[in-house]
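Presented below is the structure to which this report refers.
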Amino acid sequence: MAYHIAFSGNNAWGMYNFRGKLLRHFVERGFRVSVLAPYHEVYSQKLRDLGCEVHDMPMNPKGVNPVSDAFLLYRYYVTLKRLRPDLSISYTIKPNVYCSLAARWLGIPYLPITTGLGYVFIQRTIVTHIVKFLYRIAFKKARHVWFLNKDDIEIFRNECIVDDDKIEQLPGEGIDLRRFTPGTVKSPDSPFVFLLVGRMLMDKGVREYVAAARMLRNKYPDVVFRLLGAVWEDNPAAIHLEQLKEWEQEGIVEYHEEVPDVKPFLETADCVVLPSYREGIPFTLMEGAAMGLPLVATDVPGCRDVVVDGYNGFVCSDKDPESLAVAMEKILSLSPEERKALGANGRAFMEENYDLKRIIAQYDKTVDEILSK
């Protein structure tokens, strides 16, 4: 009889794009794999195409309505009771809290993976204290609790949110180094392109990026500043489409909506920028580094795990457009050979630390250990 793992996340897009290869790996190992996530007409089907069972789990990932969250906990309980998986693995705040609680009450082994502390921990409101309390209860009986970066580990350890002996670091969610490889050298006549890839949210530093671009525009009129990513209108930190179009019409940035494959945009970029306020381990920086591009990012949790200042890029202060502009100008002031050296360092750093094969091996070891018991 095949073992059954239930994977839970707050959206089908993320489960497919960030964990699709992992899910397919377990399907190919002969596991029955279920995915619990809000229905998406495109990505729910893509998950099925991988061989997964997909179960709709409606939720508002950023909502703070206690009644809605109580219903979400109930839905997790009912669904897990019906599915009876041998192991539950969850990602992001609400699945980590409510799916973990349901699994705990049902006696199902569970592995929560904290991919980043997100909006709630950035704002530091009363909700932050409530979430910490819920984490303590939810993680109490977890076999292991994984974190993507050391800063988040220290917060949970220092505030006694989770038992120290359960804590482990998963070094990112892995980058496919066979797919993301350094491309052909651009023509010297091509304009220099900065690229920010991410959801169009204030938390991602989109406004700071645009402000930095405005500062640099007069001195470097031929440089292109691109934004690539989806508009999430229901997110409290959303940058709305009207604003993005206004910036485009002003001639500051080029905006491109979400695309199924980011690689062509990376192939035409010269530097990847992420002025985020906080991350788990950001895919956009890993993909850029894997393709041999220098990086610019804020010196915050998650980003600082990928960008080593002066080695594979430059860091700047968060929420500080002037600091960001200085870091971007450092990239522009380098010779092509110096930028290529930063990119080569970034590629080597990915090979050493974030290869998807290493990540899958850690999952295999822990999953087999849990199921053997």
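Residues in the structure tokens are named by chain (A, B, ... in the order shown) and by number from 1 within that chain; ligands are numbered from 1 in the order shown.
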Cut-off 12 Å: closest segment 31-83 of chain A/segment 123-134 of chain A atom pairs per residue, using only C-alpha atoms, as a tab-separated table:
residue	atom	partner	partner_atom	distance
A:Lys62	CA	A:Val127	CA	11.1
A:Gly63	CA	A:Val127	CA	10.6
A:Val64	CA	A:Val127	CA	7.8
A:Asn65	CA	A:Val127	CA	10.7
A:Pro66	CA	A:Val127	CA	10.9
A:Asp69	CA	A:Leu134	CA	11.7
A:Leu73	CA	A:Leu134	CA	11.9
Go ahead and write the residues just picked, N, CA and C atoms, as an mmCIF file, in the first residue's frame.
data_model
loop_
_atom_site.group_PDB
_atom_site.id
_atom_site.type_symbol
_atom_site.label_atom_id
_atom_site.label_comp_id
_atom_site.auth_asym_id
_atom_site.auth_seq_id
_atom_site.Cartn_x
_atom_site.Cartn_y
_atom_site.Cartn_z
ATOM 1 N N LYS A 62 -4.562 36.653 3.737
ATOM 2 C CA LYS A 62 -4.203 37.838 4.516
ATOM 3 C C LYS A 62 -5.329 38.295 5.438
ATOM 4 N N GLY A 63 -6.462 37.602 5.408
ATOM 5 C CA GLY A 63 -7.595 38.020 6.216
ATOM 6 C C GLY A 63 -7.382 37.755 7.692
ATOM 7 N N VAL A 64 -8.049 38.548 8.534
ATOM 8 C CA VAL A 64 -7.914 38.399 9.991
ATOM 9 C C VAL A 64 -9.286 38.225 10.648
ATOM 10 N N ASN A 65 -10.262 37.761 9.880
ATOM 11 C CA ASN A 65 -11.601 37.532 10.416
ATOM 12 C C ASN A 65 -11.616 36.217 11.193
ATOM 13 N N PRO A 66 -11.851 36.243 12.507
ATOM 14 C CA PRO A 66 -11.795 35.009 13.300
ATOM 15 C C PRO A 66 -12.859 33.988 12.910
ATOM 16 N N ASP A 69 -11.554 32.212 9.838
ATOM 17 C CA ASP A 69 -10.468 31.313 10.217
ATOM 18 C C ASP A 69 -10.993 30.088 10.956
ATOM 19 N N LEU A 73 -10.298 26.217 9.832
ATOM 20 C CA LEU A 73 -9.853 25.147 10.713
ATOM 21 C C LEU A 73 -10.798 23.956 10.622
#
Surrounding residues of Asp222 of chain A excluding itself and chain neighbours under 2 positions, 10 Å, only C-alpha atoms, as a compact mmCIF listing (two decimals) with C-alpha atoms, in the first residue's frame:
# COMPACT_ATOMS: atom_id res chain seq x y z
CA SER A 190 21.61 46.41 -25.84
CA PRO A 191 20.28 48.69 -23.08
CA PHE A 192 21.10 47.75 -19.49
CA VAL A 193 18.05 46.14 -17.87
CA ARG A 217 16.69 58.05 -14.87
CA ASN A 218 18.27 61.45 -15.59
CA LYS A 219 21.84 60.21 -15.24
CA TYR A 220 21.21 56.93 -17.09
CA VAL A 224 15.51 50.01 -18.57
CA PHE A 225 13.70 49.35 -15.27
Review point. Ser317 of chain A: which residues within 8 Å, counting only C-alpha atoms, same-chain residues fewer than 6 positions away excluded, as a VMD selection string?
Key: chain A and resid 298 to 299 323 to 324
Return as a compact mmCIF listing (two decimals) with N, CA and C atoms, in the first residue's frame the full set of residues in segment 71-275 of chain A whose backbone-based DSSP assignment is strand (DSSP E).
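Output saved as states_19.txt:
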# COMPACT_ATOMS: atom_id res chain seq x y z
N LEU A 87 0.98 11.53 6.44
CA LEU A 87 1.80 12.69 6.82
C LEU A 87 1.18 13.94 6.22
N SER A 88 1.17 15.03 6.99
CA SER A 88 0.72 16.33 6.50
C SER A 88 1.91 17.27 6.48
N ILE A 89 2.13 17.92 5.33
CA ILE A 89 3.19 18.92 5.17
C ILE A 89 2.53 20.22 4.76
N SER A 90 2.84 21.31 5.46
CA SER A 90 2.15 22.58 5.18
C SER A 90 3.14 23.71 5.01
N TYR A 91 2.69 24.75 4.28
CA TYR A 91 3.49 25.93 3.99
C TYR A 91 2.63 27.18 4.22
N TYR A 110 2.77 15.56 11.35
CA TYR A 110 2.76 16.75 10.50
C TYR A 110 4.09 17.48 10.55
N LEU A 111 4.41 18.10 9.43
CA LEU A 111 5.66 18.84 9.25
C LEU A 111 5.33 20.23 8.71
N PRO A 112 5.28 21.25 9.56
CA PRO A 112 5.06 22.62 9.06
C PRO A 112 6.37 23.23 8.59
N ILE A 113 6.31 23.96 7.47
CA ILE A 113 7.49 24.59 6.89
C ILE A 113 7.23 26.08 6.81
N THR A 114 7.95 26.85 7.62
CA THR A 114 7.77 28.30 7.67
C THR A 114 8.57 28.92 6.54
N VAL A 145 9.96 21.14 12.69
CA VAL A 145 9.50 22.41 12.15
C VAL A 145 10.66 22.98 11.35
N TRP A 146 10.42 23.19 10.06
CA TRP A 146 11.47 23.68 9.17
C TRP A 146 11.30 25.18 8.92
N PHE A 147 12.43 25.84 8.75
CA PHE A 147 12.48 27.26 8.41
C PHE A 147 13.43 27.43 7.22
N ILE A 167 13.57 22.24 15.65
CA ILE A 167 13.93 23.22 14.63
C ILE A 167 14.99 22.68 13.68
N GLU A 168 14.74 22.84 12.39
CA GLU A 168 15.73 22.52 11.36
C GLU A 168 15.62 23.58 10.27
N GLN A 169 16.71 23.80 9.57
CA GLN A 169 16.67 24.73 8.44
C GLN A 169 16.62 23.95 7.14
N VAL A 193 19.40 46.41 -18.38
CA VAL A 193 18.05 46.14 -17.87
C VAL A 193 18.11 45.68 -16.41
N PHE A 194 17.45 46.43 -15.53
CA PHE A 194 17.18 45.98 -14.17
C PHE A 194 15.81 45.29 -14.19
N LEU A 195 15.68 44.21 -13.41
CA LEU A 195 14.43 43.45 -13.39
C LEU A 195 14.03 43.13 -11.96
N LEU A 196 12.80 43.53 -11.60
CA LEU A 196 12.20 43.12 -10.33
C LEU A 196 11.08 42.15 -10.65
N VAL A 197 11.19 40.94 -10.14
CA VAL A 197 10.16 39.91 -10.34
C VAL A 197 9.49 39.63 -9.00
N VAL A 224 16.90 50.47 -18.62
CA VAL A 224 15.51 50.01 -18.57
C VAL A 224 15.23 49.43 -17.18
N PHE A 225 14.11 49.85 -16.58
CA PHE A 225 13.70 49.35 -15.27
C PHE A 225 12.40 48.57 -15.46
N ARG A 226 12.46 47.25 -15.32
CA ARG A 226 11.29 46.40 -15.58
C ARG A 226 10.69 45.87 -14.28
N LEU A 227 9.38 45.76 -14.30
CA LEU A 227 8.61 45.11 -13.25
C LEU A 227 7.88 43.94 -13.88
N LEU A 228 7.91 42.79 -13.22
CA LEU A 228 7.23 41.61 -13.74
C LEU A 228 6.53 40.91 -12.58
N GLU A 254 8.91 49.77 -17.09
CA GLU A 254 8.09 48.91 -17.95
C GLU A 254 7.42 47.89 -17.04
N TYR A 255 6.10 47.74 -17.17
CA TYR A 255 5.41 46.74 -16.37
C TYR A 255 4.91 45.61 -17.25
N HIS A 256 5.18 44.38 -16.81
CA HIS A 256 4.71 43.18 -17.50
C HIS A 256 3.94 42.33 -16.49
N CYS A 271 20.58 42.61 -14.34
CA CYS A 271 20.66 42.59 -12.88
C CYS A 271 19.26 42.35 -12.33
N VAL A 272 19.15 41.49 -11.33
CA VAL A 272 17.88 41.23 -10.67
C VAL A 272 17.85 42.00 -9.35
N VAL A 273 16.73 42.71 -9.12
CA VAL A 273 16.59 43.58 -7.94
C VAL A 273 15.39 43.11 -7.13
N LEU A 274 15.57 43.04 -5.80
CA LEU A 274 14.44 42.73 -4.91
C LEU A 274 14.58 43.53 -3.63
Study note, to complete from the structure: Here atom CA of Gln249 of chain A and atom CA of Arg278 of chain A stand apart by 29.4 Å
Practice item. Would you list the contacts of Ile155 of chain A as number ranges by chain, taking every protein, DNA or RNA residue within 12 Å and counting only C-alpha atoms, but skipping same-chain residues closer than 3 positions in sequence? Key: A: 114, 116-117, 121, 132, 147, 149-152, 158-162, 164, 167, 301
Write out, as a PDB file, in the first residue's frame, the residues just selected, with C-alpha atoms.
ATOM      1  CA  THR A 114       7.771  28.301   7.671  1.00  0.00           C
ATOM      2  CA  GLY A 116       8.672  33.393   5.679  1.00  0.00           C
ATOM      3  CA  LEU A 117       6.966  35.342   8.430  1.00  0.00           C
ATOM      4  CA  PHE A 121       5.384  40.026  11.274  1.00  0.00           C
ATOM      5  CA  LYS A 132       2.615  33.724  17.724  1.00  0.00           C
ATOM      6  CA  PHE A 147      12.479  27.258   8.406  1.00  0.00           C
ATOM      7  CA  ASN A 149      16.281  31.270   6.857  1.00  0.00           C
ATOM      8  CA  LYS A 150      18.246  31.761  10.064  1.00  0.00           C
ATOM      9  CA  ASP A 151      16.529  35.032  11.058  1.00  0.00           C
ATOM     10  CA  ASP A 152      13.132  33.339  11.340  1.00  0.00           C
ATOM     11  CA  ASN A 158      14.167  33.463  21.238  1.00  0.00           C
ATOM     12  CA  GLU A 159      10.422  33.815  21.817  1.00  0.00           C
ATOM     13  CA  CYS A 160      10.041  30.129  22.707  1.00  0.00           C
ATOM     14  CA  ILE A 161       7.428  29.594  19.995  1.00  0.00           C
ATOM     15  CA  VAL A 162       8.700  26.100  19.152  1.00  0.00           C
ATOM     16  CA  ASP A 164      14.472  23.914  20.060  1.00  0.00           C
ATOM     17  CA  ILE A 167      13.930  23.223  14.626  1.00  0.00           C
ATOM     18  CA  PRO A 301      15.787  38.142   6.422  1.00  0.00           C
TER      19      PRO A 301
END
Review point. Please, which residues of segment 29-251 of chain A, numbered as in this document, come out alpha helix (DSSP H) from DSSP, as a VMD selection string?
Key: chain A and resid 43 to 49 66 to 83 93 to 94 100 to 106 118 to 123 126 to 138 150 to 158 206 to 217 241 to 249
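The space separating atom CA of Ala212 of chain A from atom CA of Ala325 of chain A comes to 4.7 Å.
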